[in-house]
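Asker: My questions will all concern the structure given below.
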Amino acid sequence: MASFAICVAAITSFASAQTPIPGWCRALPRPEYKSLDRVATSDPWFEVYKPALNVFAIYEPHQSEEVISYLIVGEKRALLFDTGMGISDIKKVTTELTNLPIIVLNSHTHDDHVGGNWEFSTIYGMDTDFTRKNARGSREDAQAEITPDQICGTLPSGFDARAYATRPWRITAYTHDGDRFDLGGRTIEVIATPGHTPDAISLLDRAKGLLFTGDTYYPAPIWLFRPETNLDAYASSIRRLAALAPQVRLVLGAHNIPVASPAVLARLVPAFDIVRAGKISSAPESPGRVLYKVDDISFLMREPDTR
């Protein structure tokens, strides 16, 4: 296991290059990473950890969303669940982790999860208009990710901030709820979990008890404020995940920390129900958005219309 001091040194090195240090950056490194095996790679923009056997969590701690992509390795091929920000070269990192052919699925197609899609030749997308629109790429959302308050330290050498955009990518084929991907000795199931976005999915490795939840659950304020968010669909999706909890050993979300107990799935449902029933007060977070906290679960939502 790489020492925790290495992780601290990496954060300190990045952070020392920029002042003032954003407040979110001061909380790093997150203590949960101390218990995970770290894998050395050549790109300091990423940190790679092993939360489970033949699973690599590719973490981007130097941008405020702390996005995590997952490389799930079988005997014949590997599946990359999300491709991150596109700020540095995730494909190069994956080639250091496996020499198997890689297929890409996205937990959803917000820009912070599809930034490296263009580098890969085999990409399965959900059959939704939202997916097709986002596959055309975008610039505005990407530019908002690299303002000074969003970056902890320096951007990668050679990165052109003025040209930064989410590049277009080609959908090789569509995937649907219930599809299974045989990686060779390992089968990954697609579970449609719309709500955060229309094309949101989770992945289940039933044999290993691993549930990859994307942005449907992660241990930080869950974003449910964007125009494409559907709260009714989200309520149905988290109930579906909660029903899987007895089969799950580990929950792997797409931001901040790559490990959570499956017990959180059952707690997620009543927490969201309390919020929707108006039984808990919110706190202002930013213009038009409010934060609801129920114990250790929180939701960032649109400010209620009181007119």
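We name chains A, B, ... following the order of the structure tokens; residues begin at 1 in each chain, and ligands are numbered from 1 as shown.
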Can you write out as a Markdown table which residues of segment 65-153 of chain A fall within 9 Å of segment 200-211 of chain A, alongside each residue's closest atom pair and its distance in Å to one decimal, counting only C-alpha atoms and ordering rows by chain and ascending residue number?
Answerer:
```
| residue | atom | partner | partner_atom | distance |
| --- | --- | --- | --- | --- |
| A:Phe81 | CA | A:Leu203 | CA | 8.5 |
| A:Asn106 | CA | A:Ile201 | CA | 7.7 |
| A:Ser107 | CA | A:Ile201 | CA | 5.1 |
| A:His108 | CA | A:Ala200 | CA | 4.5 |
| A:Thr109 | CA | A:Ala200 | CA | 7.9 |
| A:Met126 | CA | A:Ala200 | CA | 8.2 |
```
Asker: List every residue of segment 114-233 of chain A that has an atom at most 10 Å from any atom of segment 23-34 of chain A, and for each one report the closest atom pair and its distance in Å to one decimal, counting only C-alpha atoms, with rows sorted by chain and then by increasing residue number, as a Markdown table.
Answerer:
```
| residue | atom | partner | partner_atom | distance |
| --- | --- | --- | --- | --- |
| A:Asp149 | CA | A:Gly23 | CA | 8.6 |
| A:Gln150 | CA | A:Trp24 | CA | 8.8 |
| A:Ile151 | CA | A:Cys25 | CA | 8.3 |
| A:Cys152 | CA | A:Cys25 | CA | 5.8 |
| A:Gly153 | CA | A:Cys25 | CA | 8.9 |
```
Asker: Looking at A:Pro148, A:Pro156, A:Pro284, A:Gly185, which one is nearest to Trp45 of chain A, with distances taken over only C-alpha atoms?
Answerer: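 Closest residue, counting only C-alpha atoms: A:Pro156.
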Asker: What's around Glu96 of chain A at 12 Å? Count only C-alpha atoms, leave out sequence neighbours fewer than 6 positions away in its own chain, and write the answer as a list in words.
Answerer: Val39, Ala40, Thr41, Ser42, Asp43, Val48, Phe56, Ile58, Leu71, Asp89 and Ile90 of chain A
Asker: Quick one: residues within 8 Å of Trp118 of chain A, only C-alpha atoms counted, chain neighbours fewer than 3 positions away excluded, as a list in words?
Answerer: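 Using only C-alpha atoms, the neighbours found are Gly115, Ser121, Arg167, Pro168, Trp169 and Arg170 of chain A.
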Asker: Could you tell me how far atom CA of Tyr174 of chain A lies from atom CA of Thr98 of chain A, in Å and to one decimal?
Answerer: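 Atom CA of Tyr174 of chain A sits 24.8 Å away from atom CA of Thr98 of chain A.
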Asker: What parts of segment 229-270 of chain A does DSSP call alpha helix (DSSP H)? I'd like the answer as a list in words.
Answerer: Leu231, Asp232, Ala233, Tyr234, Ala235, Ser236, Ser237, Ile238, Arg239, Arg240, Leu241, Ala242, Ala243, Leu244, Ala263, Val264, Leu265, Ala266, Arg267, Leu268, Val269 and Pro270 of chain A
Asker: From the options A:Pro61, A:Leu53, A:Phe299, A:Phe181, which residue's atoms come nearest to Ile102 of chain A, counting only C-alpha atoms?
Answerer: A:Phe181
Asker: Please report, as number ranges by chain, each residue of segment 112-282 of chain A to which DSSP assigns strand (DSSP E) when run on this structure's backbone.
Answerer: A: 123-126, 173-175, 180-182, 187-192, 201-205, 210-214, 222-224, 250-253
Asker: Store the residues picked out above, limited to N, CA and C atoms, as an mmCIF file, in the first residue's frame.
Answerer:
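Output file again-v4.cif follows:
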```
data_model
loop_
_atom_site.group_PDB
_atom_site.id
_atom_site.type_symbol
_atom_site.label_atom_id
_atom_site.label_comp_id
_atom_site.auth_asym_id
_atom_site.auth_seq_id
_atom_site.Cartn_x
_atom_site.Cartn_y
_atom_site.Cartn_z
ATOM 1 N N ILE A 123 -18.013 3.051 -27.305
ATOM 2 C CA ILE A 123 -18.772 3.755 -26.273
ATOM 3 C C ILE A 123 -20.242 3.372 -26.390
ATOM 4 N N TYR A 124 -20.781 2.839 -25.303
ATOM 5 C CA TYR A 124 -22.208 2.519 -25.250
ATOM 6 C C TYR A 124 -22.932 3.664 -24.550
ATOM 7 N N GLY A 125 -24.000 4.165 -25.185
ATOM 8 C CA GLY A 125 -24.782 5.259 -24.624
ATOM 9 C C GLY A 125 -26.220 4.846 -24.404
ATOM 10 N N MET A 126 -26.864 5.470 -23.445
ATOM 11 C CA MET A 126 -28.292 5.241 -23.262
ATOM 12 C C MET A 126 -29.063 5.851 -24.430
ATOM 13 N N ALA A 173 -22.930 2.086 -29.858
ATOM 14 C CA ALA A 173 -24.201 1.351 -29.791
ATOM 15 C C ALA A 173 -24.944 1.828 -28.551
ATOM 16 N N TYR A 174 -26.238 1.557 -28.532
ATOM 17 C CA TYR A 174 -27.047 1.963 -27.385
ATOM 18 C C TYR A 174 -27.168 0.812 -26.392
ATOM 19 N N THR A 175 -27.251 1.180 -25.129
ATOM 20 C CA THR A 175 -27.481 0.201 -24.076
ATOM 21 C C THR A 175 -28.786 0.539 -23.375
ATOM 22 N N ARG A 180 -26.417 -6.769 -20.133
ATOM 23 C CA ARG A 180 -25.291 -7.346 -19.417
ATOM 24 C C ARG A 180 -24.052 -7.309 -20.301
ATOM 25 N N PHE A 181 -22.931 -6.966 -19.693
ATOM 26 C CA PHE A 181 -21.663 -6.921 -20.410
ATOM 27 C C PHE A 181 -20.740 -7.993 -19.837
ATOM 28 N N ASP A 182 -20.368 -8.940 -20.687
ATOM 29 C CA ASP A 182 -19.483 -10.035 -20.293
ATOM 30 C C ASP A 182 -18.044 -9.582 -20.519
ATOM 31 N N THR A 187 -19.417 -10.433 -15.111
ATOM 32 C CA THR A 187 -20.573 -9.870 -15.812
ATOM 33 C C THR A 187 -21.049 -8.615 -15.098
ATOM 34 N N ILE A 188 -21.246 -7.567 -15.863
ATOM 35 C CA ILE A 188 -21.695 -6.285 -15.337
ATOM 36 C C ILE A 188 -23.093 -5.988 -15.883
ATOM 37 N N GLU A 189 -24.016 -5.695 -14.988
ATOM 38 C CA GLU A 189 -25.410 -5.424 -15.365
ATOM 39 C C GLU A 189 -25.697 -3.926 -15.347
ATOM 40 N N VAL A 190 -26.466 -3.480 -16.330
ATOM 41 C CA VAL A 190 -26.887 -2.087 -16.413
ATOM 42 C C VAL A 190 -28.228 -1.920 -15.708
ATOM 43 N N ILE A 191 -28.302 -0.958 -14.805
ATOM 44 C CA ILE A 191 -29.543 -0.636 -14.108
ATOM 45 C C ILE A 191 -29.893 0.815 -14.412
ATOM 46 N N ALA A 192 -30.981 1.044 -15.107
ATOM 47 C CA ALA A 192 -31.397 2.411 -15.396
ATOM 48 C C ALA A 192 -31.837 3.083 -14.100
ATOM 49 N N ILE A 201 -27.446 5.852 -15.157
ATOM 50 C CA ILE A 201 -27.446 4.406 -14.922
ATOM 51 C C ILE A 201 -26.543 4.091 -13.725
ATOM 52 N N SER A 202 -26.768 2.931 -13.147
ATOM 53 C CA SER A 202 -25.854 2.319 -12.192
ATOM 54 C C SER A 202 -25.399 0.994 -12.787
ATOM 55 N N LEU A 203 -24.316 0.457 -12.254
ATOM 56 C CA LEU A 203 -23.822 -0.841 -12.693
ATOM 57 C C LEU A 203 -23.750 -1.781 -11.507
ATOM 58 N N LEU A 204 -24.108 -3.046 -11.749
ATOM 59 C CA LEU A 204 -24.073 -4.059 -10.702
ATOM 60 C C LEU A 204 -23.188 -5.222 -11.116
ATOM 61 N N ASP A 205 -22.190 -5.489 -10.280
ATOM 62 C CA ASP A 205 -21.413 -6.710 -10.386
ATOM 63 C C ASP A 205 -21.987 -7.642 -9.323
ATOM 64 N N LEU A 210 -20.812 -5.614 -5.924
ATOM 65 C CA LEU A 210 -20.387 -4.236 -6.133
ATOM 66 C C LEU A 210 -21.471 -3.469 -6.889
ATOM 67 N N LEU A 211 -21.833 -2.311 -6.369
ATOM 68 C CA LEU A 211 -22.825 -1.460 -7.006
ATOM 69 C C LEU A 211 -22.191 -0.094 -7.281
ATOM 70 N N PHE A 212 -22.085 0.252 -8.546
ATOM 71 C CA PHE A 212 -21.531 1.534 -8.975
ATOM 72 C C PHE A 212 -22.699 2.479 -9.241
ATOM 73 N N THR A 213 -22.834 3.519 -8.438
ATOM 74 C CA THR A 213 -24.068 4.316 -8.432
ATOM 75 C C THR A 213 -23.995 5.629 -9.205
ATOM 76 N N GLY A 214 -22.851 5.963 -9.780
ATOM 77 C CA GLY A 214 -22.761 7.219 -10.518
ATOM 78 C C GLY A 214 -23.124 8.395 -9.633
ATOM 79 N N ILE A 222 -25.931 15.713 -3.139
ATOM 80 C CA ILE A 222 -26.343 15.123 -4.420
ATOM 81 C C ILE A 222 -27.074 16.185 -5.225
ATOM 82 N N TRP A 223 -26.600 16.430 -6.436
ATOM 83 C CA TRP A 223 -27.154 17.503 -7.268
ATOM 84 C C TRP A 223 -28.498 17.090 -7.867
ATOM 85 N N LEU A 224 -29.533 17.799 -7.461
ATOM 86 C CA LEU A 224 -30.874 17.543 -7.982
ATOM 87 C C LEU A 224 -31.552 18.861 -8.365
ATOM 88 N N LEU A 250 -20.515 -3.472 -1.417
ATOM 89 C CA LEU A 250 -19.839 -2.179 -1.460
ATOM 90 C C LEU A 250 -20.525 -1.276 -2.472
ATOM 91 N N VAL A 251 -20.717 -0.020 -2.095
ATOM 92 C CA VAL A 251 -21.282 1.001 -2.977
ATOM 93 C C VAL A 251 -20.148 1.915 -3.422
ATOM 94 N N LEU A 252 -20.083 2.145 -4.732
ATOM 95 C CA LEU A 252 -19.006 2.952 -5.299
ATOM 96 C C LEU A 252 -19.612 4.106 -6.082
ATOM 97 N N GLY A 253 -19.600 5.304 -5.485
ATOM 98 C CA GLY A 253 -20.176 6.487 -6.096
ATOM 99 C C GLY A 253 -19.165 7.232 -6.955
#
```
Asker: One number please: atom CA of Asn54 of chain A to atom CA of Asp177 of chain A, in Å, one decimal.
Answerer: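 These two atoms are separated by 24.2 Å.
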Asker: Can you tell me how far atom CA of Gly288 of chain A sits from atom CA of Tyr234 of chain A, in Å to one decimal?
Answerer: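 Result for atom CA of Gly288 of chain A versus atom CA of Tyr234 of chain A: 20.1 Å, one decimal.
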Asker: From the set A:Leu241, A:Ala235, A:Ile68, A:Ala57, which residue has the shortest atom-to-atom contact distance to Leu265 of chain A, counting only C-alpha atoms?
Answerer: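 Answer, going by the shortest atom-to-atom distance: A:Leu241.
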